[in-house]
file my_file-v1.csv (CSV, C-alpha atoms)
chain,number,residue,atom,x,y,z
A,16,LEU,CA,16.6,7.5,21.2
A,17,LEU,CA,18.4,10.0,19.0
A,18,GLY,CA,17.5,8.5,15.7
A,19,PHE,CA,20.6,6.7,14.7
A,20,ALA,CA,21.1,2.9,14.5
A,21,THR,CA,23.0,1.2,17.3
A,22,ILE,CA,24.4,-2.3,17.6
A,23,GLY,CA,25.3,-3.9,21.0
A,24,VAL,CA,27.9,-6.7,21.0
A,25,VAL,CA,27.0,-8.9,23.9
A,26,ARG,CA,29.5,-11.3,25.5
A,27,GLY,CA,28.1,-14.9,25.7
A,28,ASP,CA,26.4,-16.4,22.7
A,29,GLU,CA,24.7,-18.9,25.0
A,30,LEU,CA,22.5,-15.9,26.2
A,31,ALA,CA,20.9,-15.3,22.8
A,32,GLY,CA,17.9,-17.6,23.4
A,33,ARG,CA,17.4,-16.6,27.0
A,34,PRO,CA,15.3,-13.7,28.5
A,35,LEU,CA,17.2,-10.4,28.4
A,36,ASN,CA,18.4,-8.8,31.7
A,37,PRO,CA,16.8,-5.4,32.4
A,38,SER,CA,19.7,-3.4,30.8
A,39,LEU,CA,19.7,-5.4,27.6
A,40,ALA,CA,15.9,-5.4,27.5
A,41,GLN,CA,15.9,-1.6,27.7
A,42,CYS,CA,18.6,-1.4,24.9
A,43,ALA,CA,16.4,-3.6,22.7
A,44,ALA,CA,13.3,-1.6,23.5
A,45,ASP,CA,15.1,1.6,22.5
A,46,GLY,CA,15.9,0.0,19.2
A,47,MET,CA,19.4,-1.4,19.6
A,48,ARG,CA,20.2,-4.5,17.7
A,49,LEU,CA,21.9,-7.0,19.9
A,50,VAL,CA,24.6,-9.3,18.5
A,51,PHE,CA,25.6,-12.2,20.8
A,52,VAL,CA,29.2,-13.5,20.4
A,53,SER,CA,31.2,-16.2,22.1
A,54,ARG,CA,33.2,-15.3,25.2
A,55,GLY,CA,36.4,-16.1,23.3
A,56,THR,CA,35.5,-13.8,20.5
A,57,TYR,CA,34.5,-11.1,23.0
A,58,ARG,CA,37.9,-11.3,24.8
A,59,ARG,CA,39.6,-10.6,21.4
A,60,LYS,CA,37.2,-7.8,20.3
A,61,ALA,CA,40.0,-5.2,20.2
A,62,GLU,CA,42.1,-7.2,17.8
A,63,PRO,CA,41.8,-5.6,14.3
A,64,ALA,CA,40.9,-8.8,12.5
A,65,VAL,CA,38.3,-9.8,15.1
A,66,LEU,CA,36.8,-6.3,15.1
A,67,ALA,CA,36.6,-6.3,11.3
A,68,GLU,CA,34.8,-9.6,11.4
A,69,LEU,CA,32.4,-8.4,14.1
A,70,LEU,CA,31.6,-5.2,12.1
A,71,ASP,CA,31.1,-7.1,8.9
A,72,ALA,CA,28.8,-9.6,10.6
A,73,ALA,CA,26.9,-7.0,12.6
A,74,ALA,CA,26.6,-4.2,9.9
A,75,PRO,CA,27.7,-5.4,6.5
A,76,GLY,CA,28.6,-2.5,4.3
A,77,GLU,CA,27.7,0.1,6.9
A,78,GLU,CA,30.0,2.7,8.4
A,79,CYS,CA,30.3,2.2,12.1
A,80,PHE,CA,31.8,4.2,14.9
A,81,VAL,CA,33.0,1.8,17.6
A,82,ILE,CA,32.5,2.8,21.2
A,83,PRO,CA,34.7,0.5,23.4
A,84,GLU,CA,33.6,-1.3,26.5
A,85,GLY,CA,33.2,1.2,29.3
A,86,GLY,CA,33.0,4.0,26.7
A,87,SER,CA,36.7,5.1,27.2
A,88,ASN,CA,38.7,6.3,24.3
A,89,ALA,CA,40.3,9.6,23.3
A,90,ALA,CA,37.0,11.1,22.2
A,91,ALA,CA,35.4,10.2,25.6
A,92,ALA,CA,38.3,11.9,27.5
A,93,ALA,CA,38.0,15.0,25.3
A,94,GLY,CA,34.2,15.0,25.9
A,95,CYS,CA,34.8,15.0,29.7
A,96,LEU,CA,37.1,18.0,29.4
A,97,SER,CA,34.0,20.2,29.7
A,98,LEU,CA,33.1,18.6,33.1
A,99,GLY,CA,36.4,19.7,34.5
A,100,ARG,CA,36.1,23.2,33.1
A,101,GLU,CA,32.6,23.5,34.6
A,102,LEU,CA,34.0,22.5,38.0
A,103,ARG,CA,37.1,24.7,37.8
A,104,GLY,CA,37.0,27.2,40.6
A,105,VAL,CA,33.9,25.6,42.1
A,106,ALA,CA,35.6,22.6,43.9
A,107,ASP,CA,39.1,22.2,45.2
A,108,VAL,CA,39.0,18.4,44.9
A,109,VAL,CA,36.7,16.3,42.7
A,110,ALA,CA,36.3,12.6,43.2
A,111,VAL,CA,35.0,10.1,40.7
A,112,ALA,CA,34.6,6.3,40.5
A,113,CYS,CA,36.6,4.9,37.7
A,114,GLY,CA,35.9,1.8,35.6
A,115,THR,CA,37.9,2.5,32.4
A,116,GLY,CA,39.4,5.9,33.2
A,117,GLY,CA,37.9,8.2,30.5
A,118,THR,CA,36.0,10.4,32.9
A,119,LEU,CA,39.0,11.0,35.2
A,120,ALA,CA,41.3,11.6,32.2
A,121,GLY,CA,39.0,14.4,30.8
A,122,LEU,CA,37.9,15.8,34.2
A,123,ALA,CA,41.5,16.3,35.4
A,124,ALA,CA,42.5,17.9,32.1
A,125,GLY,CA,39.5,20.3,32.3
A,126,LEU,CA,40.4,21.3,35.9
A,127,ALA,CA,43.7,22.4,34.5
A,128,GLY,CA,45.5,22.6,37.8
A,129,ALA,CA,42.8,24.8,39.4
A,130,GLY,CA,41.7,21.7,41.4
A,131,SER,CA,42.7,18.1,41.8
A,132,ALA,CA,40.9,15.0,40.8
A,133,ILE,CA,40.9,11.7,42.7
A,134,GLY,CA,39.8,8.5,40.9
A,135,PHE,CA,38.5,5.5,42.8
A,136,PRO,CA,39.0,2.4,40.7
A,137,VAL,CA,36.1,0.0,40.9
A,138,LEU,CA,38.3,-2.9,39.8
A,139,ARG,CA,41.5,-4.1,41.4
A,140,GLY,CA,44.6,-4.8,39.4
A,141,GLY,CA,46.6,-1.6,39.4
A,142,PHE,CA,46.2,-1.1,35.6
A,143,LEU,CA,44.2,2.1,35.6
A,144,ALA,CA,46.9,4.7,36.0
A,145,ASP,CA,48.6,3.6,32.8
A,146,GLU,CA,45.2,3.6,31.1
A,147,VAL,CA,44.3,7.2,32.2
A,148,GLU,CA,47.7,8.4,31.1
A,149,SER,CA,47.3,6.7,27.8
A,150,LEU,CA,43.9,8.3,27.3
A,151,GLN,CA,45.3,11.7,28.1
A,152,ARG,CA,48.2,11.3,25.7
A,153,ALA,CA,45.8,10.2,22.9
A,154,ALA,CA,43.3,13.1,23.7
A,155,PHE,CA,45.6,15.9,24.8
A,156,GLY,CA,49.1,15.0,23.8
A,157,SER,CA,50.5,14.4,27.3
A,158,ARG,CA,49.5,13.7,30.9
A,159,CYS,CA,47.7,16.7,32.2
A,160,GLY,CA,46.0,18.1,35.3
A,161,ASP,CA,46.5,17.2,38.9
A,162,TRP,CA,45.1,13.7,39.4
A,163,ARG,CA,45.7,10.5,41.4
A,164,LEU,CA,44.1,7.2,42.0
A,165,ASP,CA,43.1,5.8,45.4
A,166,GLU,CA,43.1,2.0,45.0
A,167,ARG,CA,41.9,1.1,48.5
A,168,PHE,CA,38.2,0.8,47.7
A,169,HIS,CA,37.7,-1.5,44.8

call {"tool": "encode", "arguments": {"input": "my_file-v1.csv", "output": "structure tokens"}}
result
Amino acid sequence: LLGFATIGVVRGDELAGRPLNPSLAQCAADGMRLVFVSRGTYRRKAEPAVLAELLDAAAPGEECFVIPEGGSNAAAAAGCLSLGRELRGVADVVAVACGTGGTLAGLAAGLAGAGSAIGFPVLRGGFLADEVESLQRAAFGSRCGDWRLDERFH
């Protein structure tokens, strides 16, 4: 939509010959090239050798910026900083559903103690606090802002 090429890596090579679900159909209609990979390869997508192989197969010789599943990385957390700044002084408590933690990481940092943020993990497992802290360390150098997770509603 913004004029740059996109590639979507899709889990499940058995889906390649089937009709696309509505989300993937919209991606394809918007110009995204879909690359279907095996479930085993998809599970290992963050391993450097597997990622290099995926990039070479999907976009040989092209420079790529990889957006991880869920969209969370340090850049995403830094991008969500402005959301917290916008809400600073407007709300005492801000709540957000959390899949991968990037929005909460940036939101809480942007609030900068002028409010608190509560994240509601959509998946069980108790892993998200470490992920949010890791994202904040990568984006801002340390844990920051007043935030917590409420794990009762996954």

call {"tool": "residues_around", "arguments": {"input": "my_file-v1.csv", "residues": "segment 165-167 of chain A", "least_positions_apart": "4", "cutoff": "10 Å", "atoms": "only C-alpha atoms", "output": "JSON, numbers by chain"}}
result
{"A": [110, 112, 133, 134, 135, 136, 137, 138, 139, 140, 141, 143]}

call {"tool": "atom_distance", "arguments": {"input": "my_file-v1.csv", "atom1": "atom CA of Leu17 of chain A", "atom2": "atom CA of Arg48 of chain A"}}
result
14.7 Å

call {"tool": "residues_around", "arguments": {"input": "my_file-v1.csv", "residues": "Gly99 of chain A", "least_positions_apart": "3", "cutoff": "8 Å", "atoms": "all atoms listed in the file", "output": "list in words"}}
result
Cys95, Leu96, Leu102, Arg103, Gly121, Leu122, Ala123, Ala124, Gly125, Leu126 and Ala127 of chain A

call {"tool": "atom_distance", "arguments": {"input": "my_file-v1.csv", "atom1": "atom CA of Glu29 of chain A", "atom2": "atom CA of Val50 of chain A"}}
result
11.6 Å

call {"tool": "atom_distance", "arguments": {"input": "my_file-v1.csv", "atom1": "atom CA of Phe51 of chain A", "atom2": "atom CA of Val81 of chain A"}}
result
16.2 Å

call {"tool": "closest_residue", "arguments": {"input": "my_file-v1.csv", "among": "A:Ala129, A:Leu98, A:Leu39, A:Ala120", "to": "Ala144 of chain A", "atoms": "only C-alpha atoms"}}
result
A:Ala120

call {"tool": "build_atoms", "arguments": {"input": "my_file-v1.csv", "residues": "segment 92-104 of chain A", "atoms": "N, CA, C and O atoms", "output": "PDB file, in the coordinates of the input"}}
result
ATOM      1  N   ALA A  92      37.482  11.020  26.606  1.00  0.00           N
ATOM      2  CA  ALA A  92      38.300  11.900  27.500  1.00  0.00           C
ATOM      3  C   ALA A  92      38.105  13.345  27.073  1.00  0.00           C
ATOM      4  O   ALA A  92      37.904  14.220  27.931  1.00  0.00           O
ATOM      5  N   ALA A  93      38.149  13.609  25.779  1.00  0.00           N
ATOM      6  CA  ALA A  93      38.000  15.000  25.300  1.00  0.00           C
ATOM      7  C   ALA A  93      36.567  15.490  25.644  1.00  0.00           C
ATOM      8  O   ALA A  93      36.388  16.659  25.995  1.00  0.00           O
ATOM      9  N   GLY A  94      35.575  14.617  25.588  1.00  0.00           N
ATOM     10  CA  GLY A  94      34.200  15.000  25.900  1.00  0.00           C
ATOM     11  C   GLY A  94      34.074  15.353  27.407  1.00  0.00           C
ATOM     12  O   GLY A  94      33.269  16.217  27.775  1.00  0.00           O
ATOM     13  N   CYS A  95      34.845  14.699  28.267  1.00  0.00           N
ATOM     14  CA  CYS A  95      34.800  15.000  29.700  1.00  0.00           C
ATOM     15  C   CYS A  95      35.580  16.183  30.120  1.00  0.00           C
ATOM     16  O   CYS A  95      35.523  16.609  31.276  1.00  0.00           O
ATOM     17  N   LEU A  96      36.317  16.757  29.184  1.00  0.00           N
ATOM     18  CA  LEU A  96      37.100  18.000  29.400  1.00  0.00           C
ATOM     19  C   LEU A  96      36.128  19.078  29.948  1.00  0.00           C
ATOM     20  O   LEU A  96      36.450  19.818  30.886  1.00  0.00           O
ATOM     21  N   SER A  97      34.946  19.186  29.351  1.00  0.00           N
ATOM     22  CA  SER A  97      34.000  20.200  29.700  1.00  0.00           C
ATOM     23  C   SER A  97      33.519  20.073  31.178  1.00  0.00           C
ATOM     24  O   SER A  97      33.214  21.064  31.849  1.00  0.00           O
ATOM     25  N   LEU A  98      33.455  18.836  31.658  1.00  0.00           N
ATOM     26  CA  LEU A  98      33.100  18.600  33.100  1.00  0.00           C
ATOM     27  C   LEU A  98      34.094  19.255  33.988  1.00  0.00           C
ATOM     28  O   LEU A  98      33.734  19.952  34.942  1.00  0.00           O
ATOM     29  N   GLY A  99      35.373  19.051  33.713  1.00  0.00           N
ATOM     30  CA  GLY A  99      36.400  19.700  34.500  1.00  0.00           C
ATOM     31  C   GLY A  99      36.375  21.189  34.426  1.00  0.00           C
ATOM     32  O   GLY A  99      36.543  21.889  35.437  1.00  0.00           O
ATOM     33  N   ARG A 100      36.136  21.712  33.227  1.00  0.00           N
ATOM     34  CA  ARG A 100      36.100  23.200  33.100  1.00  0.00           C
ATOM     35  C   ARG A 100      34.889  23.746  33.856  1.00  0.00           C
ATOM     36  O   ARG A 100      34.996  24.823  34.440  1.00  0.00           O
ATOM     37  N   GLU A 101      33.771  23.027  33.877  1.00  0.00           N
ATOM     38  CA  GLU A 101      32.600  23.500  34.600  1.00  0.00           C
ATOM     39  C   GLU A 101      32.863  23.522  36.121  1.00  0.00           C
ATOM     40  O   GLU A 101      32.355  24.390  36.832  1.00  0.00           O
ATOM     41  N   LEU A 102      33.686  22.593  36.600  1.00  0.00           N
ATOM     42  CA  LEU A 102      34.000  22.500  38.000  1.00  0.00           C
ATOM     43  C   LEU A 102      35.186  23.350  38.448  1.00  0.00           C
ATOM     44  O   LEU A 102      35.442  23.522  39.630  1.00  0.00           O
ATOM     45  N   ARG A 103      35.911  23.880  37.477  1.00  0.00           N
ATOM     46  CA  ARG A 103      37.100  24.700  37.800  1.00  0.00           C
ATOM     47  C   ARG A 103      36.697  25.904  38.606  1.00  0.00           C
ATOM     48  O   ARG A 103      35.794  26.653  38.259  1.00  0.00           O
ATOM     49  N   GLY A 104      37.341  26.074  39.754  1.00  0.00           N
ATOM     50  CA  GLY A 104      37.000  27.200  40.600  1.00  0.00           C
ATOM     51  C   GLY A 104      35.836  26.966  41.539  1.00  0.00           C
ATOM     52  O   GLY A 104      35.564  27.768  42.419  1.00  0.00           O
TER      53      GLY A 104
END
